[in-house]
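A.B. asks: The structure under discussion is supplied below as structure tokens; questions concerning it will follow.
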Amino acid sequence: MHKVIKLLSDLVAIPSVNPMGKGLSGAMYSERNIALYIEQYCRALGLRCQWQETDPAHPNLLVQLDAGKAETVLLQAHMDTVSHENMTVPPFEPVIKDGLLYGRGACDTKASLATYLYAIGAVVEKKLSLTRNVSLLFVHDEEYAFSGAREAVSNGLKADFAIVGEPTELNMIHAHKGVCRFFIRTEGVSCHASMPWMGENAIYKIAPVLEAIEKYATQLAQHKHPVLGAATINVGRIYGGQTVNTVPAECVIEVDHRLLPGMNYQTIRDSLLPFLEGTGAIVEAPYMEALGVYNNTDALVCMLLQKAILANNVTPEMQAAHYATDASVIHNAGIPCVVFGPGSISKAHTADEFVPIAQVEKAAEIILHLITH
């Protein structure tokens, strides 16, 4: 077994499920045990680890290899996974079958974590020379709010460029959309349902708000980025009312807005408000905002990674994505990012999540080449 596959198996066997804002706690819903495993591995190599832990259950871990070079590459990946519930394969008992390794997080993104650990292990054990300084950043809470990446940036994260580990099938994502999530609410007056004329129904008031958002979405579709297409908006959830025999005093919708580079909450709010005029809608501040990412395909970070991939007999595609990653935070903090890793995004978060072993092994050699050539 290739060493990187042993590392990946160990990581999959350690639960690190994101509580997704539901208040769940305990070892199952913490990245701490993954961080401890990484720390033990790095200490055995003689490397020091820096903990960032505003919340001890949800830490970041930073490992730095200073080769005295002028340039630093950041290798970043998240330690958390989505829920293990309702999986059709054992979530934390990694199984290898037909060239695939199954388990929660195998694809998203413990495979990338394993490739980074393998690469630094090979550097130390084989006494290889680094061509640039290397920082490895393992973060918490990518799946819900990107808070681990935000914490790292707030602690002064520095690098010349970064690889953000996500499943890309060994292709390079040089651009992706951002995301902004917020609530819009309407207010009414509560009363007994037998005398509705005594109150104001907040759920009725949300109807014109939804119609306005639909018109806004149509306008968004008319303006397309040459690489990423159009920005989008989606009303994903609606809340309102207390009991069936009470006129509701409040109704709330939860909005997911996908952003093009250059867009943020303020720009979309300015565009959306004219559509909502006269509806009485109250647009709340976002509870999550991550900006879009764009690199020219001939940017330094793209060219360096492409060279490492080609050196390992893989011809990568330059791709764009509609989803957001931790690159949203890191790139917009001034560190150019490319998203890269083994596995397919189509298998992330699935009931039978898996990653092809051959891709993990190839990715490990690509990362090693990047930092030693």
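For the structure tokens, the naming scheme is as follows: chains receive sequential letters (A, B, ...) according to their order of presentation, residues are indexed from 1 within each chain, and ligands are indexed from 1 in presentation order.
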Would you please extract all strand (DSSP E) residues from region 12-224 of chain A, as assigned by DSSP on the backbone, and give them as a VMD selection string?

C.D. replies: chain A and resid 49 to 52 60 to 65 72 to 78 95 to 97 100 to 102 133 to 139 161 to 165 172 to 176 178 to 187 191 to 192 224

A.B. asks: With region 46-67 of chain A as the partner and 9 Å as the cut-off, tabulate the residues of region 105-146 of chain A that qualify, each row holding the nearest pair of atoms and their distance in Å to one decimal, using only C-alpha atoms, sorted by chain and rising number, as JSON lines.

C.D. replies:
{"residue": "A:Ile120", "atom": "CA", "partner": "A:Leu65", "partner_atom": "CA", "distance": 8.7}
{"residue": "A:Val124", "atom": "CA", "partner": "A:Gly46", "partner_atom": "CA", "distance": 8.5}
{"residue": "A:Ser129", "atom": "CA", "partner": "A:Ala67", "partner_atom": "CA", "distance": 8.1}
{"residue": "A:Leu130", "atom": "CA", "partner": "A:Ala67", "partner_atom": "CA", "distance": 6.3}
{"residue": "A:Thr131", "atom": "CA", "partner": "A:Ala67", "partner_atom": "CA", "distance": 7.7}
{"residue": "A:Arg132", "atom": "CA", "partner": "A:Ala67", "partner_atom": "CA", "distance": 6.5}
{"residue": "A:Asn133", "atom": "CA", "partner": "A:Asp66", "partner_atom": "CA", "distance": 5.0}
{"residue": "A:Val134", "atom": "CA", "partner": "A:Leu65", "partner_atom": "CA", "distance": 5.1}
{"residue": "A:Ser135", "atom": "CA", "partner": "A:Gln64", "partner_atom": "CA", "distance": 4.4}
{"residue": "A:Leu136", "atom": "CA", "partner": "A:Val63", "partner_atom": "CA", "distance": 5.0}
{"residue": "A:Leu137", "atom": "CA", "partner": "A:Leu62", "partner_atom": "CA", "distance": 4.7}
{"residue": "A:Phe138", "atom": "CA", "partner": "A:Leu61", "partner_atom": "CA", "distance": 5.2}
{"residue": "A:Val139", "atom": "CA", "partner": "A:Asn60", "partner_atom": "CA", "distance": 4.5}
{"residue": "A:His140", "atom": "CA", "partner": "A:His58", "partner_atom": "CA", "distance": 5.7}
{"residue": "A:Asp141", "atom": "CA", "partner": "A:His58", "partner_atom": "CA", "distance": 7.6}

A.B. asks: Those same residues, written as a compact mmCIF listing (two decimals), in the first residue's frame with C-alpha atoms?

C.D. replies:
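New file again-v6.txt:
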# COMPACT_ATOMS: atom_id res chain seq x y z
CA ILE A 120 6.31 16.72 3.79
CA VAL A 124 12.08 14.94 5.66
CA SER A 129 15.63 20.02 -0.79
CA LEU A 130 12.72 22.44 -0.88
CA THR A 131 12.65 24.98 -3.70
CA ARG A 132 10.33 27.24 -1.69
CA ASN A 133 9.19 27.56 1.92
CA VAL A 134 6.10 25.52 2.71
CA SER A 135 3.22 26.31 5.05
CA LEU A 136 0.58 23.68 5.65
CA LEU A 137 -2.73 24.88 7.02
CA PHE A 138 -5.38 22.45 8.23
CA VAL A 139 -8.61 24.25 9.11
CA HIS A 140 -11.94 23.66 10.78
CA ASP A 141 -15.45 24.55 9.59

A.B. asks: I'd like the interatomic distance between CA of Met195 (chain A) and CA of Leu276 (chain A), to a tenth of an Å.

C.D. replies: 28.9 Å

A.B. asks: For Ile213 (chain A), work out the shell of residues within 9 Å, counting only C-alpha atoms and skipping chain neighbours fewer than 6 positions away, then give it as a VMD selection string.

C.D. replies: chain A and resid 233 to 235 272 275 to 276

A.B. asks: Got time to write the residues from that selection, N, CA and C atoms, as a JSON list (two decimals), in the first residue's frame?

C.D. replies:
[["chain", "number", "residue", "atom", "x", "y", "z"],
["A", 233, "ILE", "N", -29.44, 33.48, -7.48],
["A", 233, "ILE", "CA", -30.03, 33.61, -6.15],
["A", 233, "ILE", "C", -31.03, 32.48, -5.96],
["A", 234, "ASN", "N", -31.11, 31.97, -4.75],
["A", 234, "ASN", "CA", -32.03, 30.88, -4.44],
["A", 234, "ASN", "C", -32.64, 31.10, -3.07],
["A", 235, "VAL", "N", -33.97, 31.00, -2.98],
["A", 235, "VAL", "CA", -34.66, 31.00, -1.69],
["A", 235, "VAL", "C", -34.77, 29.55, -1.27],
["A", 272, "LEU", "N", -30.73, 44.52, -5.25],
["A", 272, "LEU", "CA", -31.96, 43.83, -4.87],
["A", 272, "LEU", "C", -33.03, 44.77, -4.31],
["A", 275, "PHE", "N", -36.06, 46.09, -6.31],
["A", 275, "PHE", "CA", -37.08, 45.09, -6.61],
["A", 275, "PHE", "C", -38.02, 44.89, -5.42],
["A", 276, "LEU", "N", -37.51, 45.13, -4.21],
["A", 276, "LEU", "CA", -38.29, 44.90, -2.99],
["A", 276, "LEU", "C", -39.05, 46.14, -2.54]]

A.B. asks: Closest to His2 (chain A) among A:Ala114, A:Ala193, A:Val301, A:Val17, using only C-alpha atoms?

C.D. replies: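 Selected residue with least distance to His2 (chain A): A:Ala114.
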
A.B. asks: So which residues touch Gly121 (chain A) within 9 Å, counting only C-alpha atoms, skipping near sequence neighbours fewer than 3 positions away, as a list in words?

C.D. replies: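 Final neighbour list, sorted by chain and number: Tyr41, Cys42, Leu45, Tyr116, Leu117, Tyr118, Val124, Glu125 and Lys126 of chain A.
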
A.B. asks: List as JSON, numbers by chain the protein and nucleic acid residues near Val209 (chain A), meaning an atom at most 12 Å away when only C-alpha atoms are counted, but skip any in the same chain fewer than 4 places from it.

C.D. replies: {"A": [184, 185, 186, 202, 203, 204, 205, 213, 214, 215, 216, 235, 238, 251, 252, 253, 255, 272, 273, 274, 275, 276, 277, 278, 279, 280, 281, 282, 283]}

A.B. asks: Can I get the selected residues back with C-alpha atoms, as a PDB file, in the first residue's frame?

C.D. replies:
ATOM      1  CA  ILE A 184     -35.263  38.530   4.517  1.00  0.00           C
ATOM      2  CA  ARG A 185     -38.313  38.939   6.739  1.00  0.00           C
ATOM      3  CA  THR A 186     -41.740  40.470   6.768  1.00  0.00           C
ATOM      4  CA  ALA A 202     -46.805  38.139   7.680  1.00  0.00           C
ATOM      5  CA  ILE A 203     -46.867  35.015   5.513  1.00  0.00           C
ATOM      6  CA  TYR A 204     -49.184  36.731   3.026  1.00  0.00           C
ATOM      7  CA  LYS A 205     -46.737  39.632   2.951  1.00  0.00           C
ATOM      8  CA  ILE A 213     -36.775  37.995  -5.955  1.00  0.00           C
ATOM      9  CA  GLU A 214     -37.822  35.906  -8.934  1.00  0.00           C
ATOM     10  CA  LYS A 215     -37.740  39.031 -11.130  1.00  0.00           C
ATOM     11  CA  TYR A 216     -34.341  39.942  -9.691  1.00  0.00           C
ATOM     12  CA  VAL A 235     -34.662  30.998  -1.694  1.00  0.00           C
ATOM     13  CA  ILE A 238     -39.067  29.676   4.619  1.00  0.00           C
ATOM     14  CA  CYS A 251     -42.232  35.298   8.136  1.00  0.00           C
ATOM     15  CA  VAL A 252     -38.593  34.722   7.216  1.00  0.00           C
ATOM     16  CA  ILE A 253     -36.947  33.414   4.064  1.00  0.00           C
ATOM     17  CA  VAL A 255     -31.448  33.262   0.745  1.00  0.00           C
ATOM     18  CA  LEU A 272     -31.960  43.827  -4.870  1.00  0.00           C
ATOM     19  CA  LEU A 273     -33.587  46.632  -2.865  1.00  0.00           C
ATOM     20  CA  PRO A 274     -35.245  48.349  -5.855  1.00  0.00           C
ATOM     21  CA  PHE A 275     -37.080  45.089  -6.609  1.00  0.00           C
ATOM     22  CA  LEU A 276     -38.289  44.900  -2.994  1.00  0.00           C
ATOM     23  CA  GLU A 277     -39.528  48.480  -2.856  1.00  0.00           C
ATOM     24  CA  GLY A 278     -43.041  48.664  -1.473  1.00  0.00           C
ATOM     25  CA  THR A 279     -43.065  45.088  -0.130  1.00  0.00           C
ATOM     26  CA  GLY A 280     -42.118  46.012   3.443  1.00  0.00           C
ATOM     27  CA  ALA A 281     -39.338  43.421   3.338  1.00  0.00           C
ATOM     28  CA  ILE A 282     -36.491  43.745   5.843  1.00  0.00           C
ATOM     29  CA  VAL A 283     -33.151  42.539   4.464  1.00  0.00           C
TER      30      VAL A 283
END
